[in-house]
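Colleague: Mind having a look at this structure? Questions to follow.
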Amino acid sequence: MGKEDCCSTQLIDANGEFNFKGLQNFVSSVKLPRCGLSYAVVAIMGPQSSGKSTLLNHLFYTNFREMDAFRGRNQTTKGIWIANAVGIEPLTIVMDLEGTDGRERGEDDTTFEKQSALFALAVADVVLINMWCHDIGREQAANRPLLKTVFQVMMRLFSPRKTTLLFVIRDKTKTPLEYLEPILREDIQKIWDAVRKPHAHKDTQLSEFFNVEVTALPSYEEKEEQFKDQVAQLRQLFFHSISPGGLAGDRRGVVPASGFSYSVQQIWEVIKENKDLDLPAHKVMVATVRCEEIANEKFSSLMINEDWLALEHEVKEDAVRNFGRRLSSILDNFLSEYDAESLFFEENVRSSKRQQFMSKALQLVHPAFVSQLGHLRVKSLQTFKSQLEQLLRRGEAFAASVRTCSESCITEFDKGCSDAAIRHANWDASKFRDKLIRDIEAHVSSVRNDKLSELKAIYEKQITIALAEPVQSLFDVGGSETWASIRKLLKRETDVAISCFCPALSGFELDQYAFDRMMQSLKDYARSVVEKIAREEAGKVLMQMKDRFNTVFSHDSDSIPRLWTGKEDIKSITLEARSESLKFLSIVAAIRLDEKSDRIESILFSRLLEGKISISSRNSDIADSCDPLASSSWEEVSPENTLLTPVQCLSLWRQFMAETEYIVSQAISAQEAYRQSNNWLPPAWAIVAMIILGFNEFMLLLRNPLYLFMLFVVYLFGKLSGLISISSRFLPTVMDLLRRLAAEGQGNPAPGTSRASQHVSSQSFRSQVNSPNPVSSSVPSSSVSSNVLTENDVEYTSR
């Protein structure tokens, strides 16, 4: 290892300009940042041309520029130079300061001398004081101004560290060193005592600021070999100089190697500004800057770290297994690097910047943690949905299934959160857990509503099937007990449905309010089914009234079609038929599911049937306040239970009367025709008159059988003519009927079908579909009219 490895560099030029770039190159070349606190700084001060550079070059194998004795004694070193001590452990930085008392700067220009001296005391662990042997003991020797300068500037260092002053006596004479050293120490003490000190250090001893060491060297020019041998011995003192008891054993306030560049630059700037140098504050400042630089470097490295980028990419796609362990490992690596590089800086500063770095790092990785918890929440929710669906498909109780799945999925989520947690932060996952619980509750609510709706729909369907047709049949019968039977049927079927619905709901574990509401909802639905049918019946009440009238009017008590032979009491039959129709109108006029009595039937009968309101009263004033049918509501019936208002009932009855009047008139006409066709005998008075007035003629006929025979022949002839006339009309009619039946069998009605044959067919169909239950049959008014016409036609034919 040669002198070229010392990397000598000018640190501060003669004008006081700091060479920061050169320092950076020097630090990088000697790999100073790796040293931590294991390095030392040695500076040398002394008069100009006292052989300082020569001593350093021989002592540390540096290559500082030396004075050429053949060219005269002039200034060689300008400013401050630094170099690496070659071959010495630990790494030692050597500073060569510009000589004092030089003629180049003049007698009055001592500013740079003081600045460089203060700089050396603030930076160096060991300061070599290079002095001539013949100056010891002399009052005006060159070393006295130098020592005075050193002691004066020392006062500008707040809380200075203890520096080693190694006095190197050059060109030692025959006087032994043991005689020279006491004199030198006495001179040093006198100079120390004479220096003006701050009040805080008025009584401070020299030993508290300096370790004073003395050595002597022979003349380099006269005794070069002896000089080199003693320098080699002196060199040994600088090996392991920072060890306890070494030259640089006092390590208070040492700046870590990684902050050396920034520290010396800031020290020089403070000295140039002629400010007192607060070394402890400076040390904190250097630690602050350097630790912040280290933290920023580590944060920048973290941002581009491959492991972190890979983990960040994975967690964006899906949940990552061992997320917390992997992320903690990445952060631990960077924290370890930070701790290693900032190890020798101030503890408080290092910890503070470490926390700042950790805070920034956590801010960087927190979105990944959030993504991880988001994936875990979504997966847990999907798992819950899947498990719940499977349990419900197997027929498990709803509430029990929800509890089982919820506990399982939340436990799994908590395990995932524990896996995602890192040691460096106490991130709270409760928000994600609460969100998962809310999502589960929302899904449970949705599924519960769906299941309850399905269950409710099943029982509503059962109720519909159980009520629809029976209620419809009860309305078709339309008796006085219709609503009582409907209420009984409704209660029975509702109780049956409730008895089955209640156990089905128990699996949902509903609260009492929700349970009661579901029960009431099913009861309300059953009631609504009946009300719907009742409203449908009210909508077609006119048609039902006409069918009921036709059925009662056209059939006897045995459901046999009536033949109007003249013996029937049409008036009573009509009254009975209208009474049945009016009864049906009173049934469907209101909903009677609450067992409340009303006077609808009595009002309708008293006003419409007994009061004989007919078509002729159409123009009468119905707005009379005393008329109950002039109102828009029934007194005992609420509006929601009213199907037909009194006014509507009155209107319907008038329409009913108008549309059924023709049937009654047809029946009367048929009865009269039948009577005329069968009444061929003369009236009774005529017969009596004939007997009284025709007694002689009658006796004449008895006495003359010939007259009686002739009358018999005439009678037979008349009968024969009638038979011939009937046969001539009967045969074509039969043939025509057969042709029509054949045509209808082929699906095409034969043209020219007579109305009489249509009436016969209608009468035949009416007789076939007639059942013993008169209420359930429906006969249109046209059929009754056809029956009457058909009977008339038959009577007329037989005449």
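All residue names refer to the structure tokens as shown: chains lettered A, B, ... in order, residues numbered from 1 in each chain, ligands numbered from 1 in order.
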Tell me which protein, DNA and RNA residues are within 7 Å of Asp125 of chain A, counting only C-alpha atoms, leaving out same-chain ones fewer than 4 positions away, and put them as a PyMOL selection string.

Modeller: chain A and resi 40-42+163-164+248

Colleague: Using only C-alpha atoms, which protein or nucleic acid residues come within 9 Å of segment 318-323 of chain A? Drop anything in the same chain fewer than 5 positions from it, and give the result as a list in words.

Modeller: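 Close residues of segment 318-323 of chain A: Leu311, Ser328, Phe369, Ser371, Gln372, Leu373, Gly374, His375, Leu376, Lys379, Gly416, Asp419, Ala420, Ala421 and Ile422 of chain A.
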
Colleague: Excluding Ala295 of chain A and any residue of its chain fewer than 6 positions from it, enumerate the residues within 9 Å of it, using only C-alpha atoms, and give them as a list of chain:residue names.

Modeller: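 What passes the distance filter is A:Tyr338, A:Lys353, A:Arg354, A:Gln356, A:Phe357, A:Met358.
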
Colleague: Go ahead and dump the residues you just picked, N, CA, C and O atoms, as a JSON list (two decimals), in the first residue's frame.

Modeller:
[["chain", "number", "residue", "atom", "x", "y", "z"],
["A", 338, "TYR", "N", -31.48, 0.67, 8.73],
["A", 338, "TYR", "CA", -31.46, 2.02, 9.31],
["A", 338, "TYR", "C", -30.73, 2.01, 10.64],
["A", 338, "TYR", "O", -29.90, 2.90, 10.91],
["A", 353, "LYS", "N", -36.05, 9.87, 14.32],
["A", 353, "LYS", "CA", -36.06, 9.68, 12.87],
["A", 353, "LYS", "C", -36.48, 8.26, 12.50],
["A", 353, "LYS", "O", -37.08, 8.05, 11.44],
["A", 354, "ARG", "N", -36.19, 7.33, 13.37],
["A", 354, "ARG", "CA", -36.65, 5.96, 13.12],
["A", 354, "ARG", "C", -38.17, 5.89, 13.15],
["A", 354, "ARG", "O", -38.80, 5.23, 12.31],
["A", 356, "GLN", "N", -40.14, 8.40, 12.52],
["A", 356, "GLN", "CA", -40.63, 9.08, 11.31],
["A", 356, "GLN", "C", -40.55, 8.16, 10.10],
["A", 356, "GLN", "O", -41.47, 8.12, 9.27],
["A", 357, "PHE", "N", -39.44, 7.46, 9.98],
["A", 357, "PHE", "CA", -39.31, 6.50, 8.87],
["A", 357, "PHE", "C", -40.37, 5.41, 8.96],
["A", 357, "PHE", "O", -41.01, 5.05, 7.96],
["A", 358, "MET", "N", -40.59, 4.91, 10.18],
["A", 358, "MET", "CA", -41.58, 3.86, 10.35],
["A", 358, "MET", "C", -42.98, 4.38, 10.01],
["A", 358, "MET", "O", -43.79, 3.67, 9.40]]

Colleague: So how many Å separate atom CA of Ser506 of chain A and atom CA of Ala399 of chain A, to one decimal?

Modeller: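 Taking atom CA of Ser506 of chain A and atom CA of Ala399 of chain A, their separation equals 9.1 Å.
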
Colleague: Hey, which bits of segment 626-680 of chain A sit within 12 Å of segment 528-532 of chain A, and for each residue what's the closest pair of atoms and how far apart in Å (one decimal), counting only C-alpha atoms, rows by chain and increasing number, as a tab-separated table?

Modeller:
residue	atom	partner	partner_atom	distance
A:Glu640	CA	A:Glu531	CA	10.3
A:Asn641	CA	A:Glu531	CA	8.6
A:Thr642	CA	A:Glu531	CA	10.5
A:Leu643	CA	A:Glu531	CA	9.5

Colleague: List every residue of segment 182-301 of chain A that has an atom at most 10 Å from any atom of segment 91-101 of chain A, giving for each one its closest atom pair and the distance in Å to one decimal, counting only C-alpha atoms, sorted by chain and then by ascending residue number, as a Markdown table.

Modeller:
| residue | atom | partner | partner_atom | distance |
| --- | --- | --- | --- | --- |
| A:Phe238 | CA | A:Thr92 | CA | 8.4 |
| A:Phe239 | CA | A:Thr92 | CA | 9.1 |
| A:His240 | CA | A:Leu91 | CA | 9.3 |
| A:Ser241 | CA | A:Thr92 | CA | 9.0 |
| A:Ile242 | CA | A:Thr92 | CA | 9.9 |
